[in-house]
file upload.pdb (PDB, C-alpha atoms and all ligand atoms)
ATOM      1  CA  MET A  18       8.989  -2.714  19.809
ATOM      2  CA  SER A  19       8.111  -6.389  19.260
ATOM      3  CA  TYR A  20       5.222  -7.575  17.112
ATOM      4  CA  THR A  21       3.385 -10.904  16.915
ATOM      5  CA  VAL A  22       0.802 -10.796  14.124
ATOM      6  CA  VAL A  23       3.024  -8.596  11.972
ATOM      7  CA  LYS A  24       6.735  -9.075  11.221
ATOM      8  CA  TYR A  25       9.034  -6.098  10.729
ATOM      9  CA  GLN A  26      12.526  -6.202   9.224
ATOM     10  CA  LYS A  27      14.844  -3.605   7.720
ATOM     11  CA  GLU A  28      17.346  -4.176   4.932
ATOM     12  CA  GLU A  29      19.425  -1.588   3.027
ATOM     13  CA  GLY A  30      16.998   1.300   3.589
ATOM     14  CA  VAL A  31      13.934  -0.837   2.837
ATOM     15  CA  ALA A  32      11.407  -1.906   5.484
ATOM     16  CA  LEU A  33       9.742  -5.282   4.968
ATOM     17  CA  VAL A  34       6.389  -5.544   6.776
ATOM     18  CA  THR A  35       4.747  -8.984   6.706
ATOM     19  CA  LEU A  36       1.186  -9.770   7.785
ATOM     20  CA  ASN A  37       1.722 -12.822   9.926
ATOM     21  CA  ARG A  38      -1.368 -14.969  10.429
ATOM     22  CA  PRO A  39      -0.810 -17.596   7.709
ATOM     23  CA  GLU A  40      -3.137 -20.102   9.415
ATOM     24  CA  SER A  41      -6.083 -17.814   8.585
ATOM     25  CA  LEU A  42      -4.681 -16.574   5.252
ATOM     26  CA  ASN A  43      -3.476 -13.420   7.052
ATOM     27  CA  ALA A  44      -7.045 -12.345   7.863
ATOM     28  CA  LEU A  45      -7.061  -8.836   9.284
ATOM     29  CA  ASN A  46      -8.263  -8.691  12.881
ATOM     30  CA  SER A  47      -8.020  -5.830  15.414
ATOM     31  CA  ALA A  48      -4.601  -7.005  16.590
ATOM     32  CA  VAL A  49      -3.209  -6.850  13.041
ATOM     33  CA  PHE A  50      -4.548  -3.338  12.496
ATOM     34  CA  MET A  51      -3.131  -2.168  15.855
ATOM     35  CA  GLU A  52       0.329  -3.642  15.198
ATOM     36  CA  LEU A  53       0.349  -2.423  11.605
ATOM     37  CA  GLY A  54      -0.426   1.090  12.858
ATOM     38  CA  ALA A  55       2.456   0.894  15.342
ATOM     39  CA  VAL A  56       4.863  -0.408  12.668
ATOM     40  CA  PHE A  57       3.987   2.433  10.311
ATOM     41  CA  ASP A  58       4.445   4.965  13.168
ATOM     42  CA  GLU A  59       7.916   3.464  13.693
ATOM     43  CA  ILE A  60       8.687   3.616   9.971
ATOM     44  CA  ALA A  61       7.534   7.249   9.741
ATOM     45  CA  GLN A  62      10.041   8.202  12.459
ATOM     46  CA  ASP A  63      12.944   6.098  11.185
ATOM     47  CA  PRO A  64      15.404   8.071   9.002
ATOM     48  CA  GLU A  65      17.045   4.785   7.920
ATOM     49  CA  VAL A  66      13.885   3.651   6.094
ATOM     50  CA  HIS A  67      13.410   5.090   2.604
ATOM     51  CA  ALA A  68      10.845   2.678   1.118
ATOM     52  CA  VAL A  69       8.451  -0.008   2.373
ATOM     53  CA  VAL A  70       7.387  -3.425   1.073
ATOM     54  CA  LEU A  71       4.180  -4.859   2.586
ATOM     55  CA  THR A  72       3.398  -8.540   2.018
ATOM     56  CA  GLY A  73       1.733 -11.594   3.561
ATOM     57  CA  SER A  74       3.390 -14.604   5.169
ATOM     58  CA  GLY A  75       3.159 -18.005   3.546
ATOM     59  CA  ASP A  76       2.506 -18.598  -0.134
ATOM     60  CA  ARG A  77      -1.295 -18.533  -0.145
ATOM     61  CA  ALA A  78      -2.373 -15.007   0.739
ATOM     62  CA  PHE A  79      -1.477 -11.381   1.062
ATOM     63  CA  ALA A  80      -4.650 -11.115   3.178
ATOM     64  CA  ALA A  81      -7.986 -12.899   2.608
ATOM     65  CA  GLY A  82      -9.910  -9.990   4.097
ATOM     66  CA  ALA A  83     -11.111  -8.787   7.444
ATOM     67  CA  ASP A  84     -11.263 -11.620   9.976
ATOM     68  CA  VAL A  85     -14.755 -13.000   9.512
ATOM     69  CA  SER A  86     -14.731 -14.649  12.954
ATOM     70  CA  GLU A  87     -14.216 -11.189  14.497
ATOM     71  CA  LEU A  88     -16.952  -9.626  12.341
ATOM     72  CA  LYS A  89     -19.404 -12.383  13.328
ATOM     73  CA  ASN A  90     -20.929 -10.849  16.457
ATOM     74  CA  LEU A  91     -20.432  -7.131  15.899
ATOM     75  CA  SER A  92     -23.261  -4.678  16.603
ATOM     76  CA  PRO A  93     -23.574  -1.762  14.126
ATOM     77  CA  LEU A  94     -21.665   0.477  16.557
ATOM     78  CA  GLU A  95     -18.928  -2.103  17.029
ATOM     79  CA  ALA A  96     -18.718  -2.588  13.240
ATOM     80  CA  ARG A  97     -18.251   1.184  12.926
ATOM     81  CA  GLU A  98     -15.490   1.108  15.571
ATOM     82  CA  PHE A  99     -13.758  -1.761  13.740
ATOM     83  CA  ALA A 100     -13.917   0.125  10.427
ATOM     84  CA  LEU A 101     -12.671   3.333  12.079
ATOM     85  CA  MET A 102      -9.732   1.492  13.621
ATOM     86  CA  ALA A 103      -8.853   0.055  10.194
ATOM     87  CA  TYR A 104      -9.231   3.554   8.736
ATOM     88  CA  ARG A 105      -6.800   5.048  11.282
ATOM     89  CA  THR A 106      -4.181   2.453  10.356
ATOM     90  CA  GLN A 107      -4.802   2.891   6.637
ATOM     91  CA  GLU A 108      -4.342   6.658   7.019
ATOM     92  CA  LYS A 109      -0.879   6.053   8.520
ATOM     93  CA  ILE A 110       0.026   3.988   5.458
ATOM     94  CA  CYS A 111      -1.500   6.383   2.920
ATOM     95  CA  ASN A 112       0.031   9.467   4.571
ATOM     96  CA  LEU A 113       3.520   8.017   4.972
ATOM     97  CA  SER A 114       5.881  10.343   3.134
ATOM     98  CA  LYS A 115       7.925   7.350   1.867
ATOM     99  CA  PRO A 116       6.997   5.107  -1.077
ATOM    100  CA  THR A 117       5.107   1.906  -0.269
ATOM    101  CA  ILE A 118       4.847  -1.248  -2.381
ATOM    102  CA  ALA A 119       2.344  -4.050  -1.729
ATOM    103  CA  ALA A 120       3.740  -7.425  -2.793
ATOM    104  CA  LEU A 121       0.661  -9.602  -3.395
ATOM    105  CA  ASN A 122       1.618 -13.213  -2.789
ATOM    106  CA  GLY A 123      -1.815 -14.871  -3.125
ATOM    107  CA  TYR A 124      -5.401 -14.087  -2.121
ATOM    108  CA  THR A 125      -5.868 -10.312  -1.818
ATOM    109  CA  LEU A 126      -9.520 -10.058  -0.901
ATOM    110  CA  GLY A 127     -11.876  -7.667   0.849
ATOM    111  CA  GLY A 128      -9.948  -5.758   3.513
ATOM    112  CA  GLY A 129      -6.759  -7.262   2.051
ATOM    113  CA  CYS A 130      -7.436  -5.633  -1.318
ATOM    114  CA  GLU A 131      -8.330  -2.401   0.496
ATOM    115  CA  LEU A 132      -5.031  -2.530   2.378
ATOM    116  CA  ALA A 133      -3.089  -3.160  -0.850
ATOM    117  CA  MET A 134      -4.796  -0.130  -2.396
ATOM    118  CA  CYS A 135      -3.431   2.043   0.451
ATOM    119  CA  CYS A 136       0.075   1.382  -0.889
ATOM    120  CA  ASP A 137       1.495   3.504  -3.685
ATOM    121  CA  LEU A 138       2.281   0.560  -5.972
ATOM    122  CA  ARG A 139       1.243  -3.089  -6.207
ATOM    123  CA  ILE A 140       3.286  -5.983  -7.592
ATOM    124  CA  ALA A 141       1.409  -9.282  -7.843
ATOM    125  CA  ALA A 142       2.600 -12.857  -8.101
ATOM    126  CA  GLU A 143       1.078 -14.644 -11.126
ATOM    127  CA  THR A 144      -0.815 -16.736  -8.581
ATOM    128  CA  ALA A 145      -2.413 -13.760  -6.783
ATOM    129  CA  ARG A 146      -6.182 -13.437  -6.818
ATOM    130  CA  LEU A 147      -7.931 -10.153  -6.096
ATOM    131  CA  GLY A 148     -11.474  -9.155  -5.267
ATOM    132  CA  GLN A 149     -13.978  -7.507  -2.962
ATOM    133  CA  PRO A 150     -16.211 -10.464  -2.029
ATOM    134  CA  GLU A 151     -17.978  -8.749   0.911
ATOM    135  CA  ILE A 152     -21.320  -8.869  -0.933
ATOM    136  CA  ASN A 153     -21.252 -12.669  -0.541
ATOM    137  CA  LEU A 154     -21.301 -12.173   3.251
ATOM    138  CA  GLY A 155     -24.248  -9.775   3.057
ATOM    139  CA  ILE A 156     -22.045  -6.757   3.758
ATOM    140  CA  ILE A 157     -20.137  -4.158   1.732
ATOM    141  CA  PRO A 158     -16.517  -2.937   1.715
ATOM    142  CA  GLY A 159     -15.929  -0.674   4.724
ATOM    143  CA  GLY A 160     -12.213  -0.034   4.427
ATOM    144  CA  GLY A 161     -12.144   2.331   1.466
ATOM    145  CA  GLY A 162     -12.969  -0.283  -1.194
ATOM    146  CA  THR A 163     -15.848   1.614  -2.782
ATOM    147  CA  GLN A 164     -13.710   4.735  -3.176
ATOM    148  CA  ARG A 165     -10.146   3.585  -3.810
ATOM    149  CA  LEU A 166     -11.148   0.791  -6.196
ATOM    150  CA  ALA A 167     -13.337   3.165  -8.226
ATOM    151  CA  ARG A 168     -10.472   5.664  -8.423
ATOM    152  CA  LEU A 169      -8.025   2.979  -9.563
ATOM    153  CA  VAL A 170     -10.091   1.003 -12.077
ATOM    154  CA  GLY A 171     -13.063   3.313 -12.781
ATOM    155  CA  LEU A 172     -16.605   3.230 -11.449
ATOM    156  CA  SER A 173     -17.906   0.638 -13.886
ATOM    157  CA  ARG A 174     -15.254  -2.004 -13.155
ATOM    158  CA  ALA A 175     -15.433  -1.243  -9.423
ATOM    159  CA  LYS A 176     -19.171  -1.914  -9.534
ATOM    160  CA  GLU A 177     -18.569  -5.139 -11.454
ATOM    161  CA  LEU A 178     -16.123  -6.411  -8.818
ATOM    162  CA  ILE A 179     -18.050  -5.208  -5.765
ATOM    163  CA  PHE A 180     -21.585  -6.128  -6.940
ATOM    164  CA  THR A 181     -20.605  -9.639  -8.056
ATOM    165  CA  GLY A 182     -17.920 -10.358  -5.446
ATOM    166  CA  LYS A 183     -15.988 -12.160  -8.174
ATOM    167  CA  ILE A 184     -12.308 -12.889  -7.782
ATOM    168  CA  ILE A 185      -9.986 -11.904 -10.630
ATOM    169  CA  THR A 186      -6.530 -13.114 -11.631
ATOM    170  CA  ALA A 187      -3.356 -11.079 -11.265
ATOM    171  CA  GLN A 188      -3.266 -10.721 -15.073
ATOM    172  CA  GLN A 189      -6.802  -9.318 -15.143
ATOM    173  CA  ALA A 190      -5.911  -6.945 -12.290
ATOM    174  CA  LEU A 191      -2.928  -5.773 -14.355
ATOM    175  CA  GLU A 192      -5.132  -5.144 -17.389
ATOM    176  CA  TRP A 193      -7.545  -3.136 -15.215
ATOM    177  CA  GLY A 194      -4.781  -1.062 -13.593
ATOM    178  CA  LEU A 195      -5.346  -2.514 -10.123
ATOM    179  CA  VAL A 196      -1.760  -3.794 -10.000
ATOM    180  CA  ASN A 197       1.345  -2.302 -11.616
ATOM    181  CA  GLN A 198       3.253  -5.472 -12.422
ATOM    182  CA  VAL A 199       2.807  -9.263 -12.441
ATOM    183  CA  VAL A 200       5.812 -11.500 -11.815
ATOM    184  CA  PRO A 201       6.450 -15.232 -11.301
ATOM    185  CA  ALA A 202       5.596 -16.159  -7.691
ATOM    186  CA  GLY A 203       9.180 -17.144  -6.908
ATOM    187  CA  GLN A 204      10.452 -13.693  -7.894
ATOM    188  CA  LEU A 205       7.863 -11.567  -6.087
ATOM    189  CA  LEU A 206       9.914 -10.330  -3.132
ATOM    190  CA  GLU A 207      13.046  -9.976  -5.259
ATOM    191  CA  GLU A 208      11.159  -7.741  -7.744
ATOM    192  CA  ALA A 209       9.467  -5.755  -4.958
ATOM    193  CA  PHE A 210      12.837  -5.177  -3.277
ATOM    194  CA  LYS A 211      14.468  -4.225  -6.581
ATOM    195  CA  LEU A 212      11.837  -1.509  -7.055
ATOM    196  CA  ALA A 213      11.991  -0.432  -3.393
ATOM    197  CA  ARG A 214      15.808  -0.123  -3.508
ATOM    198  CA  ASP A 215      15.568   1.902  -6.709
ATOM    199  CA  LEU A 216      13.105   4.294  -5.021
ATOM    200  CA  ALA A 217      15.211   4.375  -1.840
ATOM    201  CA  GLY A 218      18.100   5.721  -3.936
ATOM    202  CA  LYS A 219      16.136   8.743  -5.131
ATOM    203  CA  SER A 220      15.725  12.091  -3.372
ATOM    204  CA  ALA A 221      13.493  11.444  -0.338
ATOM    205  CA  PRO A 222      12.114  15.013  -0.149
ATOM    206  CA  ALA A 223      11.327  15.000  -3.892
ATOM    207  CA  LEU A 224       9.496  11.669  -3.525
ATOM    208  CA  ALA A 225       7.580  12.936  -0.484
ATOM    209  CA  LEU A 226       6.575  16.107  -2.314
ATOM    210  CA  VAL A 227       5.479  14.356  -5.490
ATOM    211  CA  LYS A 228       3.531  11.742  -3.489
ATOM    212  CA  SER A 229       1.698  14.570  -1.775
ATOM    213  CA  ALA A 230       1.058  16.394  -5.081
ATOM    214  CA  LEU A 231      -0.418  13.206  -6.577
ATOM    215  CA  ASP A 232      -2.435  12.002  -3.571
ATOM    216  CA  ARG A 233      -3.784  15.385  -2.474
ATOM    217  CA  GLY A 234      -4.090  16.809  -5.963
ATOM    218  CA  ILE A 235      -6.319  13.981  -7.204
ATOM    219  CA  ASN A 236      -8.982  15.071  -4.696
ATOM    220  CA  MET A 237      -8.821  18.779  -5.624
ATOM    221  CA  ASP A 238     -10.320  20.676  -8.535
ATOM    222  CA  LEU A 239      -7.828  20.926 -11.407
ATOM    223  CA  SER A 240      -6.839  24.536 -10.876
ATOM    224  CA  SER A 241      -6.158  24.037  -7.132
ATOM    225  CA  ALA A 242      -4.241  20.825  -7.874
ATOM    226  CA  LEU A 243      -2.066  22.512 -10.489
ATOM    227  CA  HIS A 244      -1.250  25.336  -8.077
ATOM    228  CA  TYR A 245      -0.493  22.813  -5.316
ATOM    229  CA  GLU A 246       1.853  21.025  -7.739
ATOM    230  CA  ILE A 247       3.601  24.341  -8.463
ATOM    231  CA  ASP A 248       4.121  24.893  -4.706
ATOM    232  CA  CYS A 249       5.492  21.350  -4.274
ATOM    233  CA  PHE A 250       7.789  21.904  -7.280
ATOM    234  CA  ALA A 251       9.053  25.151  -5.721
ATOM    235  CA  CYS A 252       9.698  23.385  -2.369
ATOM    236  CA  CYS A 253      12.150  21.037  -4.128
ATOM    237  CA  PHE A 254      14.388  24.064  -4.653
ATOM    238  CA  ALA A 255      14.822  24.370  -0.878
ATOM    239  CA  THR A 256      16.603  20.981  -0.769
ATOM    240  CA  GLU A 257      20.274  20.062  -1.033
ATOM    241  CA  ASP A 258      19.144  17.082  -3.103
ATOM    242  CA  HIS A 259      17.940  19.271  -5.957
ATOM    243  CA  ARG A 260      21.377  20.873  -6.184
ATOM    244  CA  GLU A 261      22.992  17.433  -6.133
ATOM    245  CA  GLY A 262      20.591  16.035  -8.775
ATOM    246  CA  ILE A 263      21.211  18.880 -11.182
ATOM    247  CA  ALA A 264      24.987  18.947 -10.532
ATOM    248  CA  ALA A 265      25.221  15.169 -11.064
ATOM    249  CA  PHE A 266      23.391  15.457 -14.383
ATOM    250  CA  LEU A 267      25.668  18.244 -15.596
ATOM    251  CA  GLU A 268      28.800  16.394 -14.399
ATOM    252  CA  LYS A 269      27.574  13.137 -16.015
ATOM    253  CA  ARG A 270      27.697  11.104 -12.763
ATOM    254  CA  ARG A 271      25.198   9.338 -10.503
ATOM    255  CA  PRO A 272      23.666  11.594  -7.858
ATOM    256  CA  ALA A 273      24.406  10.861  -4.193
ATOM    257  CA  TYR A 274      21.304  12.104  -2.396
ATOM    258  CA  LYS A 275      21.335  12.941   1.305
ATOM    259  CA  GLY A 276      17.577  13.123   1.809
ATOM    260  CA  ARG A 277      17.527  16.797   2.679
TER     261      ARG A 277
HETATM  262  C1  LIG B 301     -15.488  -6.368   5.555
HETATM  263  C2  LIG B 301     -14.418  -6.656   4.921
HETATM  264  C3  LIG B 301     -13.940  -8.014   4.596
HETATM  265  O1  LIG B 301     -12.817  -8.130   4.230
HETATM  266  S1  LIG B 301     -14.985  -9.344   4.797
HETATM  267  C4  LIG B 301     -13.988 -10.736   4.309
HETATM  268  C5  LIG B 301     -13.795 -10.778   2.830
HETATM  269  N1  LIG B 301     -13.076 -11.983   2.476
HETATM  270  C6  LIG B 301     -13.667 -13.132   2.182
HETATM  271  O2  LIG B 301     -14.878 -13.240   2.183
HETATM  272  C7  LIG B 301     -12.774 -14.302   1.849
HETATM  273  C8  LIG B 301     -12.965 -15.416   2.854
HETATM  274  N2  LIG B 301     -12.136 -16.570   2.522
HETATM  275  C9  LIG B 301     -12.431 -17.429   1.515
HETATM  276  O3  LIG B 301     -13.374 -17.244   0.765
HETATM  277  C10 LIG B 301     -11.528 -18.604   1.355
HETATM  278  O4  LIG B 301     -10.826 -18.794   2.550
HETATM  279  C11 LIG B 301     -10.519 -18.476   0.184
HETATM  280  C12 LIG B 301     -11.268 -18.494  -1.160
HETATM  281  C13 LIG B 301      -9.704 -17.208   0.304
HETATM  282  C14 LIG B 301      -9.539 -19.682   0.246
HETATM  283  O5  LIG B 301     -10.287 -20.886   0.272
HETATM  284  P1  LIG B 301      -9.567 -22.275   0.655
HETATM  285  O6  LIG B 301     -10.601 -23.332   0.594
HETATM  286  O7  LIG B 301      -8.369 -22.457  -0.206
HETATM  287  O8  LIG B 301      -9.025 -22.057   2.134
HETATM  288  P2  LIG B 301      -9.865 -22.042   3.487
HETATM  289  O9  LIG B 301     -11.195 -21.400   3.252
HETATM  290  O10 LIG B 301      -9.881 -23.412   4.055
HETATM  291  O11 LIG B 301      -9.008 -21.042   4.379
HETATM  292  C15 LIG B 301      -7.917 -21.458   5.188
HETATM  293  C16 LIG B 301      -8.150 -20.966   6.605
HETATM  294  O12 LIG B 301      -8.182 -19.545   6.573
HETATM  295  C17 LIG B 301      -9.391 -19.074   7.182
HETATM  296  N3  LIG B 301      -9.813 -17.815   6.542
HETATM  297  C18 LIG B 301      -9.774 -17.498   5.243
HETATM  298  N4  LIG B 301     -10.240 -16.278   5.037
HETATM  299  C19 LIG B 301     -10.584 -15.783   6.242
HETATM  300  C20 LIG B 301     -11.140 -14.555   6.699
HETATM  301  N5  LIG B 301     -11.417 -13.523   5.847
HETATM  302  N6  LIG B 301     -11.395 -14.412   8.003
HETATM  303  C21 LIG B 301     -11.109 -15.409   8.887
HETATM  304  N7  LIG B 301     -10.568 -16.578   8.525
HETATM  305  C22 LIG B 301     -10.316 -16.761   7.223
HETATM  306  C23 LIG B 301     -10.377 -20.193   6.913
HETATM  307  O13 LIG B 301     -11.451 -20.093   7.806
HETATM  308  C24 LIG B 301      -9.508 -21.404   7.151
HETATM  309  O14 LIG B 301      -9.342 -21.588   8.557
HETATM  310  P3  LIG B 301      -9.577 -23.047   9.223
HETATM  311  O15 LIG B 301      -9.352 -22.818  10.684
HETATM  312  O16 LIG B 301      -8.542 -23.915   8.575
HETATM  313  O17 LIG B 301     -10.973 -23.447   8.877
END

call {"tool": "encode", "arguments": {"input": "upload.pdb", "output": "structure tokens"}}
result
Amino acid sequence: MSYTVVKYQKEEGVALVTLNRPESLNALNSAVFMELGAVFDEIAQDPEVHAVVLTGSGDRAFAAGADVSELKNLSPLEAREFALMAYRTQEKICNLSKPTIAALNGYTLGGGCELAMCCDLRIAAETARLGQPEINLGIIPGGGGTQRLARLVGLSRAKELIFTGKIITAQQALEWGLVNQVVPAGQLLEEAFKLARDLAGKSAPALALVKSALDRGINMDLSSALHYEIDCFACCFATEDHREGIAAFLEKRRPAYKGR
């Protein structure tokens, strides 16, 4: 399938997905959400892809938020439809059974920050700036910002960011736990790919199971989550990869996983 507002490339088991509206700082409109949804459907079905890097084109923004010109004339029902469409795409990203890394190459604001939080890990360029400035438009985050941000940085810091609409540096985001790593801008994609290739070399079923244990478990009560983890742990023993991982350790060699 061909895409226009999103670019999709594959390299050595890693998918690179690039938001591609640099003239508007990769603002997220309906077309971007539709294409992003289709790309992640394609990735989910593609056995050659073992990890994903999501970034923005140009050197100014990952995404500066939902496209304000599209939000301008929405009725409440249309705003709900827009948010639901974004939600459906975000669910495809969150539920992908492969690891995802957001490479934040500049402004990561509003819906852009919400999209980054749908990825498993976030690496930011030193020049990246993050925030949820919706309050300054007289609206609130509608793409998971109130929930995912609070879960990542705690309720108090989430309120600080969302109430004030202030924009923080990549370093501050690192200190708050909103990003995992900060790197020089020129090394962002290289570092994101290094991590993605490392993850792509691990057992795919083990990664899928542990992603599920973490993402589903966090929303369960502790006892249910611990039992779910035990079931996921047990499922690993149905894979060829677990035999290979243990054999490789005992034979003092690198494992060669087959993803099954
Ligand atoms: C409901 C969820 C949401 O996400 S609401 C949107 C939340 N995001 C924002 O409020 C950020 C809006 N953008 C800005 O505040 C600024 O653009 C900036 C601080 C990110 C960068 O400022 P700067 O002065 O450096 O650049 P420009 O403002 O001139 O931006 C360049 C170009 O991009 C267009 N643009 C930027 N953000 C958006 C957006 N969210 N939606 C639509 N378009 C956007 C901006 O209008 C400029 O276009 P131009 O045609 O050149 O005027």

call {"tool": "closest_atom_pairs", "arguments": {"input": "upload.pdb", "of": "chain A", "to": "ligand LIG 301 (chain B)", "cutoff": "6 Å", "atoms": "only C-alpha atoms and all ligand atoms", "output": "tab-separated table"}}
result
residue	atom	partner	partner_atom	distance
A:Glu40	CA	B:LIG301	C16	5.8
A:Ser41	CA	B:LIG301	O12	3.4
A:Leu42	CA	B:LIG301	O12	4.8
A:Ala44	CA	B:LIG301	C20	4.8
A:Ala81	CA	B:LIG301	N4	4.7
A:Gly82	CA	B:LIG301	O1	3.5
A:Ala83	CA	B:LIG301	O1	3.7
A:Asp84	CA	B:LIG301	N6	3.4
A:Val85	CA	B:LIG301	N6	3.9
A:Ser86	CA	B:LIG301	C21	5.5
A:Tyr124	CA	B:LIG301	C13	5.8
A:Leu126	CA	B:LIG301	N1	5.3
A:Gly127	CA	B:LIG301	O1	3.5
A:Gly128	CA	B:LIG301	O1	3.8
A:Pro150	CA	B:LIG301	O2	5.2
A:Glu151	CA	B:LIG301	S1	4.9
A:Pro158	CA	B:LIG301	C1	5.3
A:Gly159	CA	B:LIG301	C1	5.8

call {"tool": "atom_distance", "arguments": {"input": "upload.pdb", "atom1": "atom CA of Val23 of chain A", "atom2": "atom CA of Arg38 of chain A"}}
result
7.9 Å

call {"tool": "residues_around", "arguments": {"input": "upload.pdb", "residues": "segment 49-66 of chain A", "least_positions_apart": "6", "cutoff": "8 Å", "atoms": "all atoms listed in the file", "output": "PyMOL selection string"}}
result
chain A and resi 20+22-23+25+27+30-32+34+36+102-103+105-107+109-110+113-115

call {"tool": "resolve_selection", "arguments": {"input": "upload.pdb", "expression": "the PyMOL selection byres (((chain A and resi 77) around 9) and not hetatm)", "output": "list in words"}}
result
Pro39, Leu42, Gly73, Ser74, Gly75, Asp76, Ala78, Phe79, Ala80, Asn122, Gly123, Tyr124, Thr144 and Ala145 of chain A

call {"tool": "resolve_selection", "arguments": {"input": "upload.pdb", "expression": "the PyMOL selection byres (((chain A and resi 141) around 10) and not hetatm)", "output": "PyMOL selection string"}}
result
chain A and resi 79+119-123+125+139-140+142-147+186-188+190-191+195-202+205-206+208-209

call {"tool": "closest_residue", "arguments": {"input": "upload.pdb", "among": "A:Lys211, A:Lys176, A:Arg233, A:Arg277", "to": "Ala255 of chain A", "atoms": "all atoms listed in the file"}}
result
A:Arg277

call {"tool": "decode", "arguments": {"input": "upload.pdb", "residues": "segment 174-179 of chain A", "atoms": "all heavy atoms", "output": "compact mmCIF listing (two decimals), in the first residue's frame"}}
result
# COMPACT_ATOMS: atom_id res chain seq x y z
N ARG A 174 2.50 15.67 38.55
CA ARG A 174 3.24 16.26 37.42
C ARG A 174 2.36 16.34 36.17
O ARG A 174 2.47 17.27 35.37
CB ARG A 174 4.50 15.45 37.14
CG ARG A 174 5.59 15.80 38.14
CD ARG A 174 6.81 14.95 38.01
NE ARG A 174 7.88 15.53 38.82
CZ ARG A 174 8.94 14.87 39.24
NH1 ARG A 174 9.08 13.58 38.94
NH2 ARG A 174 9.86 15.47 39.96
N ALA A 175 1.46 15.35 36.01
CA ALA A 175 0.54 15.40 34.87
C ALA A 175 -0.36 16.63 34.98
O ALA A 175 -0.58 17.35 34.01
CB ALA A 175 -0.30 14.12 34.80
N LYS A 176 -0.83 16.90 36.20
CA LYS A 176 -1.67 18.09 36.40
C LYS A 176 -0.87 19.36 36.11
O LYS A 176 -1.38 20.30 35.50
CB LYS A 176 -2.21 18.11 37.83
CG LYS A 176 -3.37 17.13 38.03
CD LYS A 176 -3.92 17.21 39.43
CE LYS A 176 -5.13 16.28 39.56
NZ LYS A 176 -5.60 16.15 40.95
N GLU A 177 0.38 19.37 36.56
CA GLU A 177 1.23 20.55 36.31
C GLU A 177 1.34 20.82 34.81
O GLU A 177 1.14 21.95 34.35
CB GLU A 177 2.61 20.32 36.94
CG GLU A 177 3.55 21.49 36.79
CD GLU A 177 4.92 21.22 37.41
OE1 GLU A 177 5.04 20.32 38.27
OE2 GLU A 177 5.88 21.91 37.00
N LEU A 178 1.64 19.77 34.05
CA LEU A 178 1.81 19.96 32.59
C LEU A 178 0.49 20.33 31.91
O LEU A 178 0.45 21.23 31.07
CB LEU A 178 2.34 18.67 31.95
CG LEU A 178 3.84 18.48 31.79
CD1 LEU A 178 4.13 17.28 30.90
CD2 LEU A 178 4.50 19.72 31.20
N ILE A 179 -0.58 19.62 32.28
CA ILE A 179 -1.85 19.80 31.56
C ILE A 179 -2.56 21.08 31.99
O ILE A 179 -3.14 21.79 31.15
CB ILE A 179 -2.74 18.55 31.75
CG1 ILE A 179 -2.09 17.33 31.06
CG2 ILE A 179 -4.14 18.79 31.20
CD1 ILE A 179 -2.78 16.00 31.33
